[in-house]
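In what follows, a structure is listed as structure tokens, so that the remarks can point back to it.
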Amino acid sequence: MFMAPDPGLVRLRISLRAVLGIGLAVALSELAGLSLPASITGGLTALLALFTVGDATVRGQAVTTALLPAVGFPVLALAAVLHAVPTVRDAVWLAVVLGGVYARRWGPRGHALGIFAFMTFFITQFLHAVPAQLPQLYAAMALSLAASSAVRFGAWCIERRTPAPAAPAPPTGRGLARPTTRQAFQATAACAFAIAAGQVLSHERWYWAVGTAWWIFVNTSSRGETLVRGFRRVLGTVIGIAVGLVIAVPLEGAVAPTAALVAVCVFGIFYAAAVSYTWMMLAVTVMAGLLYGLLGVLDPALLMLRVLETGAGALGAALAVLLVLPVTTHATTDAWIERALHCVHACTSEAAARLAGSPTADPARYVAELEPLLGRVRLSLAPLVHPLAPLRARRARARQVVELLDRCAQEVRGLASIAADPDASHDARLAAACWRVQAAVEALTGPAAARGEVDVPVAAAHPSGAEQALTHLHGLEQALQALAVPLRARPQPQLTTA
């Protein structure tokens, strides 16, 4: 985790900002004289607002953050009022799950609001909140959103200085062919199983199984991704429990050291989220143990129950993705690879137009779009390159695909940087080279690719004095030609449009 690249120290700054924003939210809740459960609610609310809101623009993030109470307040009231009516409570929570996942079709805003609705219900179960506590919980939630927003959009607005590219939208479709619709039913089935299994294990802490099942489905889109995510969640939880036995239990809820360690855990959650789900879950598990210590209910038996509940939730998620409207890893991977390849072609065309003198051509925007697309390809291929994946040949092909796409991205970035140079001159060979790149992409994504008949023409190497742009295009052609080999060797027609 600590060796992973962090260009511009963005992850570090976001993590430090999260500690500051959440710390300020909790401090204000305490200064306002709110109860300990309310202060914990405030801290978790600030964490969710900073963690889940991911719109492409600062304005969009502010709007989504302002909308969080619109879903959080009603769900909080429902969860508290129905606390004593288990059957109705469970049914309502499953409805929240279904709606929360279905809302992901509306992009980052729907994604964030869905998570916030679910987690508001979860926090109510975590704190065993009742209607009499609602005024303080509402106050803590509103105060914490204001505090975290003041840090995020005022004191430390990282996104305004280093705007991040928007996360790519999932492949589209209609009805049950739409990934978000399928996943909504899968997550609901998984959480229904988790509710039943969790209550068998514990009538008081059953909700941990539901939380596990829900979070396994976040940012996954195929059964392979979901199974790998479940394995990593269980692994991170087990390691976190071991750390909690050593750190959290001996503290016995001492406020000062517990608060300091919770801040460390918050930093770990944000710093690890983008690079290691296992490390992130370790931090989440230790933080949960510390919060239980503050509430005075922590003991080794509770931590062991946490492992069992996590296992139940992970099992529910695994059964759901295998049995309920399953989406294969290959189908998902194909869609993301196709989008990445088309983005490569679009960037090449824009760069050629820019070098030809077009003032409106802008390859940089496609370079920014390509990075998150490649991230989705890596996430989708993760089950195939996982050390526990049983098929070695398939694992090798998947790694080759990732390496060649990374090479394409490197050549595209170099081409875009040259196109941005005002002194770069047009070369008549650029049009021909860009045409060859277009032909290569069409060969990989069109009907010829499905038949395994990919023939990519490659230009001859240019002498050392040739334009650097042509050198990058030549490298791009070679990478695209090499991609034909692992993609053609896959066991079924690939790269169909979603």
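Chain identifiers are assigned as A, B, and so on, following the order in which chains appear in the structure tokens; residues are numbered from 1 within each chain, and ligands are numbered from 1 in order of appearance.
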Excluding same-chain residues fewer than 3 positions from A:Arg376, what lies within 9 Å of it counting only C-alpha atoms, as a list of chain:residue names? A:Pro168, A:Thr333, A:Trp336, A:Ile337, A:Glu371, A:Pro372, A:Leu373, A:Leu379, A:Ser380, A:Leu381
Write the residues of the preceding selection, restricted to N, CA and C atoms, as a PDB file, in the first residue's frame.
ATOM      1  N   PRO A 168     -15.703   6.425 -15.139  1.00  0.00           N
ATOM      2  CA  PRO A 168     -16.461   5.991 -16.308  1.00  0.00           C
ATOM      3  C   PRO A 168     -17.787   5.372 -15.915  1.00  0.00           C
ATOM      4  N   THR A 333     -15.445  -7.532 -18.783  1.00  0.00           N
ATOM      5  CA  THR A 333     -14.117  -7.132 -19.234  1.00  0.00           C
ATOM      6  C   THR A 333     -14.143  -6.680 -20.683  1.00  0.00           C
ATOM      7  N   TRP A 336     -15.348  -3.062 -21.084  1.00  0.00           N
ATOM      8  CA  TRP A 336     -14.379  -2.048 -20.649  1.00  0.00           C
ATOM      9  C   TRP A 336     -13.189  -1.970 -21.600  1.00  0.00           C
ATOM     10  N   ILE A 337     -12.711  -3.113 -22.092  1.00  0.00           N
ATOM     11  CA  ILE A 337     -11.585  -3.092 -23.039  1.00  0.00           C
ATOM     12  C   ILE A 337     -11.981  -2.369 -24.315  1.00  0.00           C
ATOM     13  N   GLU A 371      -7.437   7.044 -18.355  1.00  0.00           N
ATOM     14  CA  GLU A 371      -6.899   6.550 -17.088  1.00  0.00           C
ATOM     15  C   GLU A 371      -7.938   5.803 -16.252  1.00  0.00           C
ATOM     16  N   PRO A 372      -9.112   6.397 -15.973  1.00  0.00           N
ATOM     17  CA  PRO A 372     -10.118   5.639 -15.215  1.00  0.00           C
ATOM     18  C   PRO A 372     -10.655   4.428 -15.970  1.00  0.00           C
ATOM     19  N   LEU A 373     -10.690   4.505 -17.308  1.00  0.00           N
ATOM     20  CA  LEU A 373     -11.127   3.341 -18.073  1.00  0.00           C
ATOM     21  C   LEU A 373     -10.161   2.176 -17.880  1.00  0.00           C
ATOM     22  N   LEU A 379      -9.605  -3.629 -12.722  1.00  0.00           N
ATOM     23  CA  LEU A 379     -10.529  -4.147 -11.708  1.00  0.00           C
ATOM     24  C   LEU A 379     -11.294  -5.343 -12.246  1.00  0.00           C
ATOM     25  N   SER A 380     -11.720  -5.261 -13.497  1.00  0.00           N
ATOM     26  CA  SER A 380     -12.480  -6.350 -14.084  1.00  0.00           C
ATOM     27  C   SER A 380     -11.620  -7.596 -14.301  1.00  0.00           C
ATOM     28  N   LEU A 381     -10.345  -7.386 -14.629  1.00  0.00           N
ATOM     29  CA  LEU A 381      -9.442  -8.513 -14.852  1.00  0.00           C
ATOM     30  C   LEU A 381      -8.851  -9.067 -13.558  1.00  0.00           C
TER      31      LEU A 381
END
Can you tell me which residues surround A:Ala84 at a distance of at most 12 Å, considering only C-alpha atoms, apart from same-chain residues fewer than 6 positions away, and format the answer as a PDB file with C-alpha atoms, in the first residue's frame?
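As written to disk, selection-v2.pdb reads:
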ATOM      1  CA  LEU A  78     -37.637   4.840   9.482  1.00  0.00           C
ATOM      2  CA  ASP A  90     -35.891  -5.955   7.559  1.00  0.00           C
ATOM      3  CA  GLN A 125     -28.628  -0.530  13.871  1.00  0.00           C
ATOM      4  CA  HIS A 128     -29.410   0.758  18.477  1.00  0.00           C
ATOM      5  CA  ALA A 129     -30.975   4.179  17.991  1.00  0.00           C
ATOM      6  CA  VAL A 130     -34.578   4.813  19.067  1.00  0.00           C
ATOM      7  CA  PRO A 131     -37.009   7.626  18.115  1.00  0.00           C
TER       8      PRO A 131
END
With only C-alpha atoms as the basis for distance, which of A:Leu444, A:Leu143, A:Leu308, A:Ile40 is at the shortest distance from A:Gln199?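 Between A:Leu444, A:Leu143, A:Leu308, A:Ile40, the residue approaching A:Gln199 most closely is A:Leu308.
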Those in stretch 227-413 of chain A with helix (DSSP H, G or I) from DSSP, as number ranges by chain: A: 227-251, 255-272, 277-295, 300-323, 329-355, 363-385, 392-413
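Atom CA of A:Leu36 lies 20.5 Å from atom CA of A:Tyr207.
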Identify which of the residues A:Val321, A:Ala62, A:Leu303, A:Gln136 lies closest to A:Thr226, counting only C-alpha atoms when measuring atom-to-atom distances.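 So, comparing all the options, the nearest one is A:Val321.
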What gap, in Å, lies between atom CA of A:Leu48 and atom CA of A:Leu68?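 Distance reported for this atom pair: 9.8 Å.
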Can you pull out the residues contacting stretch 290-295 of chain A? Cut-off 9 Å, using only C-alpha atoms, and skip same-chain residues under 2 positions away; I want them as an MDAnalysis selection string. chainID A and resid 36:37 40 127 244 247:249 251:255 258:259 261:262 285:288 297:299
Interatomic distance (Å, one decimal) between atom CA of A:Glu411 and atom CA of A:Pro383: 26.9 Å
Might you pull out every residue within 8 Å of A:Leu476, with only C-alpha atoms counted and same-chain residues fewer than 3 positions away left off, and present them as number ranges by chain? A: 407-408, 411-412, 437, 472-473, 479-480
Of the candidates A:Arg365, A:His345, A:Arg174, A:Arg13, which shows the shortest atom-to-atom distance to A:Trp156, using only C-alpha atoms?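 When distances to A:Trp156 are compared using only C-alpha atoms, the smallest one comes from A:Arg13.
Among the candidate residues A:Ala263, A:Val344, A:Ile418, A:Val275, the one lying nearest to A:Arg378 is A:Val275, with distances computed using only C-alpha atoms.
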What's the 8 Å shell around A:Arg109, counting only C-alpha atoms, without same-chain residues fewer than 2 positions away, as an mmCIF file with C-alpha atoms, in the first residue's frame?
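Final output, result-v7.cif:
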data_model
loop_
_atom_site.group_PDB
_atom_site.id
_atom_site.type_symbol
_atom_site.label_atom_id
_atom_site.label_comp_id
_atom_site.auth_asym_id
_atom_site.auth_seq_id
_atom_site.Cartn_x
_atom_site.Cartn_y
_atom_site.Cartn_z
ATOM 1 C CA VAL A 53 -19.221 11.754 -3.064
ATOM 2 C CA GLY A 54 -17.247 11.560 -6.299
ATOM 3 C CA ASP A 55 -18.804 13.836 -8.918
ATOM 4 C CA THR A 64 -24.548 15.839 -4.051
ATOM 5 C CA ARG A 104 -26.221 3.763 -9.543
ATOM 6 C CA TRP A 106 -27.602 7.818 -12.508
ATOM 7 C CA GLY A 107 -23.850 7.974 -12.125
ATOM 8 C CA HIS A 111 -24.084 5.971 -6.310
ATOM 9 C CA ALA A 112 -23.297 8.307 -3.385
ATOM 10 C CA LEU A 113 -26.926 8.820 -2.372
#
As a ChimeraX atom specification, please: the residues near A:Val266 (cut-off 9 Å, only C-alpha atoms, same-chain neighbours under 5 positions excluded). /A:15-16,18-19,22,47,261,271,283-284,287
Pull N, CA and C atoms from the residues just selected and write them as a short mmCIF file (atom, residue, chain, number, x, y, z; two decimals), in the first residue's frame.
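Output below, filename result.cif:
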data_model
loop_
_atom_site.label_atom_id
_atom_site.label_comp_id
_atom_site.auth_asym_id
_atom_site.auth_seq_id
_atom_site.Cartn_x
_atom_site.Cartn_y
_atom_site.Cartn_z
N SER A 15 -6.36 11.96 2.19
CA SER A 15 -6.42 11.26 3.46
C SER A 15 -6.26 12.21 4.63
N LEU A 16 -5.31 13.14 4.52
CA LEU A 16 -5.13 14.13 5.60
C LEU A 16 -6.34 15.04 5.71
N ALA A 18 -9.37 14.20 5.03
CA ALA A 18 -10.44 13.42 5.66
C ALA A 18 -10.29 13.43 7.18
N VAL A 19 -9.06 13.24 7.65
CA VAL A 19 -8.83 13.28 9.11
C VAL A 19 -9.23 14.63 9.67
N ILE A 22 -13.27 15.04 9.40
CA ILE A 22 -14.00 14.19 10.35
C ILE A 22 -13.69 14.61 11.77
N LEU A 47 -17.42 10.99 7.38
CA LEU A 47 -16.61 10.02 6.65
C LEU A 47 -17.29 9.62 5.35
N LEU A 261 -6.16 6.81 17.67
CA LEU A 261 -6.10 5.63 16.81
C LEU A 261 -7.22 5.63 15.77
N TYR A 271 -6.40 6.36 2.48
CA TYR A 271 -5.13 6.18 1.78
C TYR A 271 -5.08 4.84 1.05
N ALA A 283 -8.28 -1.39 8.25
CA ALA A 283 -8.48 -0.13 8.95
C ALA A 283 -9.92 0.03 9.42
N VAL A 284 -10.89 -0.36 8.57
CA VAL A 284 -12.31 -0.27 8.95
C VAL A 284 -12.59 -1.15 10.17
N MET A 287 -11.11 0.31 13.33
CA MET A 287 -11.90 1.48 13.75
C MET A 287 -13.21 1.05 14.40
#
Go through A:Thr329, A:Ser148, A:Thr124, A:Thr57 one by one, measure the shortest atom-to-atom distance of each to A:Gly224 using only C-alpha atoms, and give the residue with the smallest value.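 Going through A:Thr329, A:Ser148, A:Thr124, A:Thr57 one by one, the smallest distance to A:Gly224 is for A:Thr329.
With distances restricted to only C-alpha atoms, A:Val10 is the closest residue to A:Ile158 from A:Leu98, A:Val10, A:Ala353, A:Leu134.
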